[in-house]
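Reproduced below: structure_22.txt, with compact mmCIF, N, CA and C atoms and all ligand atoms.
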```
# COMPACT_ATOMS: atom_id res chain seq x y z
N MET A 193 0.85 -1.19 0.00
CA MET A 193 0.00 0.00 0.00
C MET A 193 0.89 1.25 0.00
N ALA A 194 0.53 2.19 -0.83
CA ALA A 194 1.29 3.43 -0.93
C ALA A 194 0.38 4.61 -0.58
N ILE A 195 1.00 5.70 -0.15
CA ILE A 195 0.22 6.89 0.21
C ILE A 195 0.78 8.09 -0.56
N LEU A 196 -0.11 8.78 -1.25
CA LEU A 196 0.25 10.01 -1.96
C LEU A 196 -0.36 11.18 -1.22
N ARG A 197 0.50 12.11 -0.79
CA ARG A 197 0.02 13.29 -0.07
C ARG A 197 0.20 14.53 -0.94
N PHE A 198 -0.75 15.42 -0.82
CA PHE A 198 -0.69 16.69 -1.54
C PHE A 198 -0.41 17.78 -0.52
N GLU A 199 0.78 18.35 -0.60
CA GLU A 199 1.19 19.32 0.41
C GLU A 199 0.30 20.57 0.40
N ASN A 200 -0.10 21.01 -0.77
CA ASN A 200 -0.80 22.30 -0.85
C ASN A 200 -2.22 22.25 -0.32
N ASN A 201 -2.87 21.09 -0.31
CA ASN A 201 -4.23 21.07 0.23
C ASN A 201 -4.42 20.02 1.34
N ASN A 202 -3.31 19.41 1.77
CA ASN A 202 -3.33 18.44 2.87
C ASN A 202 -4.20 17.22 2.59
N GLU A 203 -4.48 16.93 1.33
CA GLU A 203 -5.21 15.70 1.00
C GLU A 203 -4.23 14.54 1.00
N GLU A 204 -4.78 13.34 1.18
CA GLU A 204 -3.98 12.13 1.22
C GLU A 204 -4.78 11.02 0.57
N VAL A 205 -4.13 10.23 -0.27
CA VAL A 205 -4.81 9.15 -0.98
C VAL A 205 -4.01 7.86 -0.79
N SER A 206 -4.68 6.77 -0.46
CA SER A 206 -4.04 5.46 -0.39
C SER A 206 -4.18 4.76 -1.73
N LEU A 207 -3.10 4.21 -2.22
CA LEU A 207 -3.10 3.56 -3.54
C LEU A 207 -2.42 2.20 -3.45
N GLU A 208 -2.84 1.29 -4.31
CA GLU A 208 -2.12 0.02 -4.44
C GLU A 208 -0.73 0.32 -4.99
N ASP A 209 0.27 -0.45 -4.55
CA ASP A 209 1.61 -0.29 -5.10
C ASP A 209 1.56 -0.42 -6.62
N GLY A 210 2.26 0.47 -7.31
CA GLY A 210 2.32 0.42 -8.76
C GLY A 210 1.23 1.18 -9.48
N THR A 211 0.39 1.89 -8.74
CA THR A 211 -0.72 2.62 -9.36
C THR A 211 -0.23 3.92 -10.02
N PRO A 212 -0.64 4.18 -11.27
CA PRO A 212 -0.35 5.50 -11.85
C PRO A 212 -1.01 6.59 -11.00
N ILE A 213 -0.32 7.73 -10.86
CA ILE A 213 -0.84 8.77 -9.98
C ILE A 213 -1.74 9.76 -10.71
N ALA A 214 -1.89 9.63 -12.01
CA ALA A 214 -2.62 10.63 -12.80
C ALA A 214 -4.04 10.86 -12.29
N GLN A 215 -4.79 9.80 -12.09
CA GLN A 215 -6.20 9.98 -11.74
C GLN A 215 -6.38 10.70 -10.40
N CYS A 216 -5.63 10.27 -9.39
CA CYS A 216 -5.82 10.94 -8.09
C CYS A 216 -5.27 12.35 -8.12
N CYS A 217 -4.25 12.61 -8.92
CA CYS A 217 -3.75 13.98 -9.06
C CYS A 217 -4.81 14.85 -9.73
N GLU A 218 -5.45 14.33 -10.74
CA GLU A 218 -6.49 15.10 -11.43
C GLU A 218 -7.63 15.40 -10.46
N GLU A 219 -8.01 14.42 -9.67
CA GLU A 219 -9.09 14.62 -8.70
C GLU A 219 -8.70 15.64 -7.64
N ALA A 220 -7.39 15.74 -7.35
CA ALA A 220 -6.92 16.70 -6.34
C ALA A 220 -6.76 18.10 -6.93
N GLY A 221 -6.84 18.22 -8.26
CA GLY A 221 -6.78 19.55 -8.86
C GLY A 221 -5.59 19.81 -9.75
N VAL A 222 -4.71 18.82 -9.94
CA VAL A 222 -3.59 19.01 -10.86
C VAL A 222 -4.15 19.11 -12.28
N PRO A 223 -3.77 20.15 -13.03
CA PRO A 223 -4.28 20.27 -14.40
C PRO A 223 -3.58 19.29 -15.35
N PHE A 224 -4.30 18.78 -16.31
CA PHE A 224 -3.75 17.89 -17.33
C PHE A 224 -4.15 18.40 -18.71
N ALA A 225 -3.36 18.07 -19.70
CA ALA A 225 -3.72 18.42 -21.08
C ALA A 225 -3.45 17.23 -21.99
N CYS A 226 -2.19 17.04 -22.41
CA CYS A 226 -1.89 16.01 -23.41
C CYS A 226 -1.98 14.59 -22.84
N THR A 227 -1.64 14.42 -21.58
CA THR A 227 -1.53 13.12 -20.89
C THR A 227 -0.49 12.18 -21.53
N GLU A 228 0.41 12.72 -22.32
CA GLU A 228 1.42 11.91 -22.99
C GLU A 228 2.85 12.35 -22.72
N GLY A 229 3.03 13.24 -21.73
CA GLY A 229 4.39 13.66 -21.41
C GLY A 229 4.97 14.67 -22.38
N ILE A 230 4.12 15.40 -23.08
CA ILE A 230 4.61 16.33 -24.09
C ILE A 230 4.48 17.79 -23.65
N CYS A 231 3.36 18.16 -23.03
CA CYS A 231 3.05 19.59 -22.82
C CYS A 231 3.60 20.17 -21.52
N GLY A 232 3.78 19.36 -20.49
CA GLY A 232 4.27 19.87 -19.21
C GLY A 232 3.20 20.45 -18.30
N THR A 233 1.94 20.40 -18.70
CA THR A 233 0.86 20.97 -17.89
C THR A 233 0.76 20.30 -16.51
N CYS A 234 1.03 19.03 -16.43
CA CYS A 234 0.81 18.25 -15.21
C CYS A 234 2.03 18.18 -14.29
N ILE A 235 3.03 19.01 -14.51
CA ILE A 235 4.25 18.93 -13.70
C ILE A 235 3.94 19.23 -12.24
N VAL A 236 4.43 18.36 -11.37
CA VAL A 236 4.27 18.55 -9.93
C VAL A 236 5.66 18.53 -9.27
N GLU A 237 5.78 19.26 -8.18
CA GLU A 237 7.01 19.24 -7.39
C GLU A 237 6.95 18.03 -6.46
N VAL A 238 8.01 17.25 -6.43
CA VAL A 238 8.07 16.12 -5.50
C VAL A 238 8.79 16.61 -4.24
N VAL A 239 8.03 16.73 -3.17
CA VAL A 239 8.56 17.28 -1.92
C VAL A 239 9.28 16.20 -1.13
N ALA A 240 8.78 14.98 -1.16
CA ALA A 240 9.39 13.86 -0.43
C ALA A 240 9.01 12.55 -1.10
N GLY A 241 9.88 11.56 -0.96
CA GLY A 241 9.58 10.22 -1.48
C GLY A 241 9.85 10.05 -2.95
N HIS A 242 10.73 10.87 -3.49
CA HIS A 242 11.05 10.78 -4.92
C HIS A 242 11.40 9.36 -5.32
N GLU A 243 12.11 8.66 -4.44
CA GLU A 243 12.56 7.30 -4.74
C GLU A 243 11.41 6.30 -4.81
N ASN A 244 10.25 6.70 -4.34
CA ASN A 244 9.10 5.79 -4.36
C ASN A 244 8.24 5.93 -5.61
N LEU A 245 8.69 6.76 -6.53
CA LEU A 245 8.00 6.88 -7.82
C LEU A 245 8.71 6.03 -8.87
N SER A 246 7.99 5.66 -9.90
CA SER A 246 8.57 4.88 -11.00
C SER A 246 9.70 5.68 -11.65
N PRO A 247 10.64 5.01 -12.29
CA PRO A 247 11.72 5.72 -12.98
C PRO A 247 11.15 6.69 -14.01
N PRO A 248 11.81 7.83 -14.22
CA PRO A 248 11.28 8.82 -15.17
C PRO A 248 11.21 8.28 -16.60
N SER A 249 10.17 8.68 -17.30
CA SER A 249 10.04 8.31 -18.71
C SER A 249 11.01 9.17 -19.53
N GLN A 250 11.27 8.76 -20.76
CA GLN A 250 12.14 9.55 -21.63
C GLN A 250 11.54 10.93 -21.87
N GLN A 251 10.21 11.01 -21.97
CA GLN A 251 9.56 12.31 -22.16
C GLN A 251 9.84 13.23 -20.99
N GLU A 252 9.79 12.69 -19.77
CA GLU A 252 10.08 13.53 -18.59
C GLU A 252 11.52 14.01 -18.59
N ILE A 253 12.44 13.12 -18.92
CA ILE A 253 13.86 13.50 -18.95
C ILE A 253 14.09 14.56 -20.02
N ASP A 254 13.48 14.38 -21.18
CA ASP A 254 13.65 15.35 -22.27
C ASP A 254 13.09 16.71 -21.87
N PHE A 255 11.94 16.74 -21.19
CA PHE A 255 11.27 18.00 -20.88
C PHE A 255 11.89 18.67 -19.66
N LEU A 256 12.15 17.90 -18.62
CA LEU A 256 12.60 18.49 -17.35
C LEU A 256 14.12 18.58 -17.24
N GLY A 257 14.83 17.77 -17.98
CA GLY A 257 16.29 17.76 -17.90
C GLY A 257 16.77 16.93 -16.72
N GLU A 258 18.05 16.63 -16.71
CA GLU A 258 18.61 15.77 -15.67
C GLU A 258 18.51 16.40 -14.28
N GLU A 259 18.59 17.72 -14.18
CA GLU A 259 18.46 18.39 -12.88
C GLU A 259 17.00 18.52 -12.47
N GLY A 260 16.16 18.91 -13.42
CA GLY A 260 14.74 19.12 -13.12
C GLY A 260 14.05 17.84 -12.66
N ILE A 261 14.46 16.72 -13.22
CA ILE A 261 13.81 15.46 -12.90
C ILE A 261 14.07 15.04 -11.45
N LYS A 262 15.06 15.66 -10.81
CA LYS A 262 15.34 15.36 -9.40
C LYS A 262 14.33 16.03 -8.47
N LYS A 263 13.62 17.05 -8.97
CA LYS A 263 12.69 17.81 -8.11
C LYS A 263 11.25 17.74 -8.59
N GLU A 264 11.06 17.50 -9.87
CA GLU A 264 9.72 17.55 -10.45
C GLU A 264 9.45 16.29 -11.27
N ARG A 265 8.17 15.98 -11.41
CA ARG A 265 7.75 14.88 -12.28
C ARG A 265 6.50 15.29 -13.02
N MET A 266 6.23 14.56 -14.09
CA MET A 266 4.98 14.75 -14.83
C MET A 266 3.97 13.76 -14.25
N ALA A 267 2.88 14.28 -13.72
CA ALA A 267 1.91 13.41 -13.07
C ALA A 267 1.28 12.42 -14.05
N CYS A 268 1.27 12.74 -15.33
CA CYS A 268 0.68 11.82 -16.31
C CYS A 268 1.62 10.67 -16.64
N GLN A 269 2.86 10.74 -16.16
CA GLN A 269 3.86 9.76 -16.59
C GLN A 269 4.30 8.80 -15.50
N CYS A 270 3.99 9.08 -14.24
CA CYS A 270 4.59 8.21 -13.22
C CYS A 270 3.58 7.47 -12.36
N SER A 271 4.08 6.41 -11.79
CA SER A 271 3.33 5.57 -10.86
C SER A 271 4.01 5.63 -9.50
N ILE A 272 3.25 5.33 -8.46
CA ILE A 272 3.84 5.24 -7.13
C ILE A 272 4.18 3.77 -6.89
N LYS A 273 5.43 3.49 -6.56
CA LYS A 273 5.88 2.10 -6.41
C LYS A 273 5.44 1.53 -5.07
N CYS A 274 5.62 2.31 -4.00
CA CYS A 274 5.33 1.87 -2.64
C CYS A 274 5.62 3.04 -1.70
N GLY A 275 5.32 2.88 -0.44
CA GLY A 275 5.69 3.89 0.54
C GLY A 275 4.93 5.19 0.41
N ASN A 276 5.56 6.26 0.86
CA ASN A 276 4.91 7.57 0.89
C ASN A 276 5.57 8.52 -0.11
N VAL A 277 4.74 9.30 -0.76
CA VAL A 277 5.24 10.36 -1.64
C VAL A 277 4.43 11.62 -1.33
N LYS A 278 5.13 12.74 -1.22
CA LYS A 278 4.45 14.02 -1.01
C LYS A 278 4.75 14.92 -2.20
N ILE A 279 3.68 15.47 -2.78
CA ILE A 279 3.86 16.36 -3.92
C ILE A 279 3.18 17.70 -3.67
N ASN A 280 3.54 18.67 -4.48
CA ASN A 280 2.95 20.00 -4.42
C ASN A 280 2.68 20.42 -5.86
N PHE A 281 1.60 21.12 -6.05
CA PHE A 281 1.31 21.58 -7.43
C PHE A 281 0.74 22.97 -7.44
S1 LIG B 1 -0.51 16.32 -19.33
FE1 LIG B 1 0.92 16.95 -20.82
S2 LIG B 1 2.81 16.32 -19.94
FE2 LIG B 1 1.33 15.49 -18.57
```
For this file, produce the structure as structure tokens.
Ligand code: FES
Amino acid sequence: MAILRFENNNEEVSLEDGTPIAQCCEEAGVPFACTEGICGTCIVEVVAGHENLSPPSQQEIDFLGEEGIKKERMACQCSIKCGNVKINF
């Protein structure tokens, strides 16, 4: 079981390990557009638990760069592997 927390509104969602985070992020208010890792609309700041997210997609690396990917992720591209992750948007 994994927990995704939203720092900006103090919401918390329990997810099965390996669940894509897109749907719960959208329900929490993260904006989406392309849903394919192209536009950057869904970028969220990862405040804690970066290591508990799936490895970055090539689209995320291309858009965010090697430094940016250490702090931010595209919510349409990643899954939560396990444990706790805190994001801000
Ligand atoms: S919605 Fe376009 S990059 Fe995620």
Residues of segment 194-265 of chain A in strand (DSSP E or B), written as a list in words: Ala194, Ile195, Leu196, Arg197, Phe198, Glu203, Glu204, Val205, Ser206, Leu207, Thr211, Pro212, Ile235, Val236, Glu237, Val238, Val239, Ala240, Leu245, Glu264 and Arg265 of chain A
List the spatial neighbours of Cys270 of chain A as a ChimeraX atom specification - criterion: any atom at most 6.5 Å away, only N, CA and C atoms, same-chain residues fewer than 6 positions off excluded. /A:211-214,245-246
Mind giving me the straight-line distance from atom C of Ala220 of chain A to atom C of Pro248 of chain A in Å, one decimal?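 Here the two named atoms are 22.6 Å from each other.
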Using only C-alpha atoms and all ligand atoms: which of A:Cys216, A:Asn200, A:Leu207, A:Gln269 has the shortest distance to ligand LIG 1 (chain B): A:Gln269
Please, which residues have at least one atom within 12 Å of an atom of ligand LIG 1 (chain B), using only C-alpha atoms and all ligand atoms, listed as a PyMOL selection string? chain A and resi 213-215+217-218+222-236+249-256+264-270
Backbone DSSP call of alpha helix (DSSP H) for chain A, listed as a ChimeraX atom specification: /A:214-220,250-260
Point-to-point distance from atom CA of Met193 of chain A to atom CA of Asn280 of chain A, Å rounded to tenths: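 A separation of 20.7 Å between them.
Between atom CA of Ile195 of chain A and atom C of Gly275 of chain A there is a distance of 5.0 Å.
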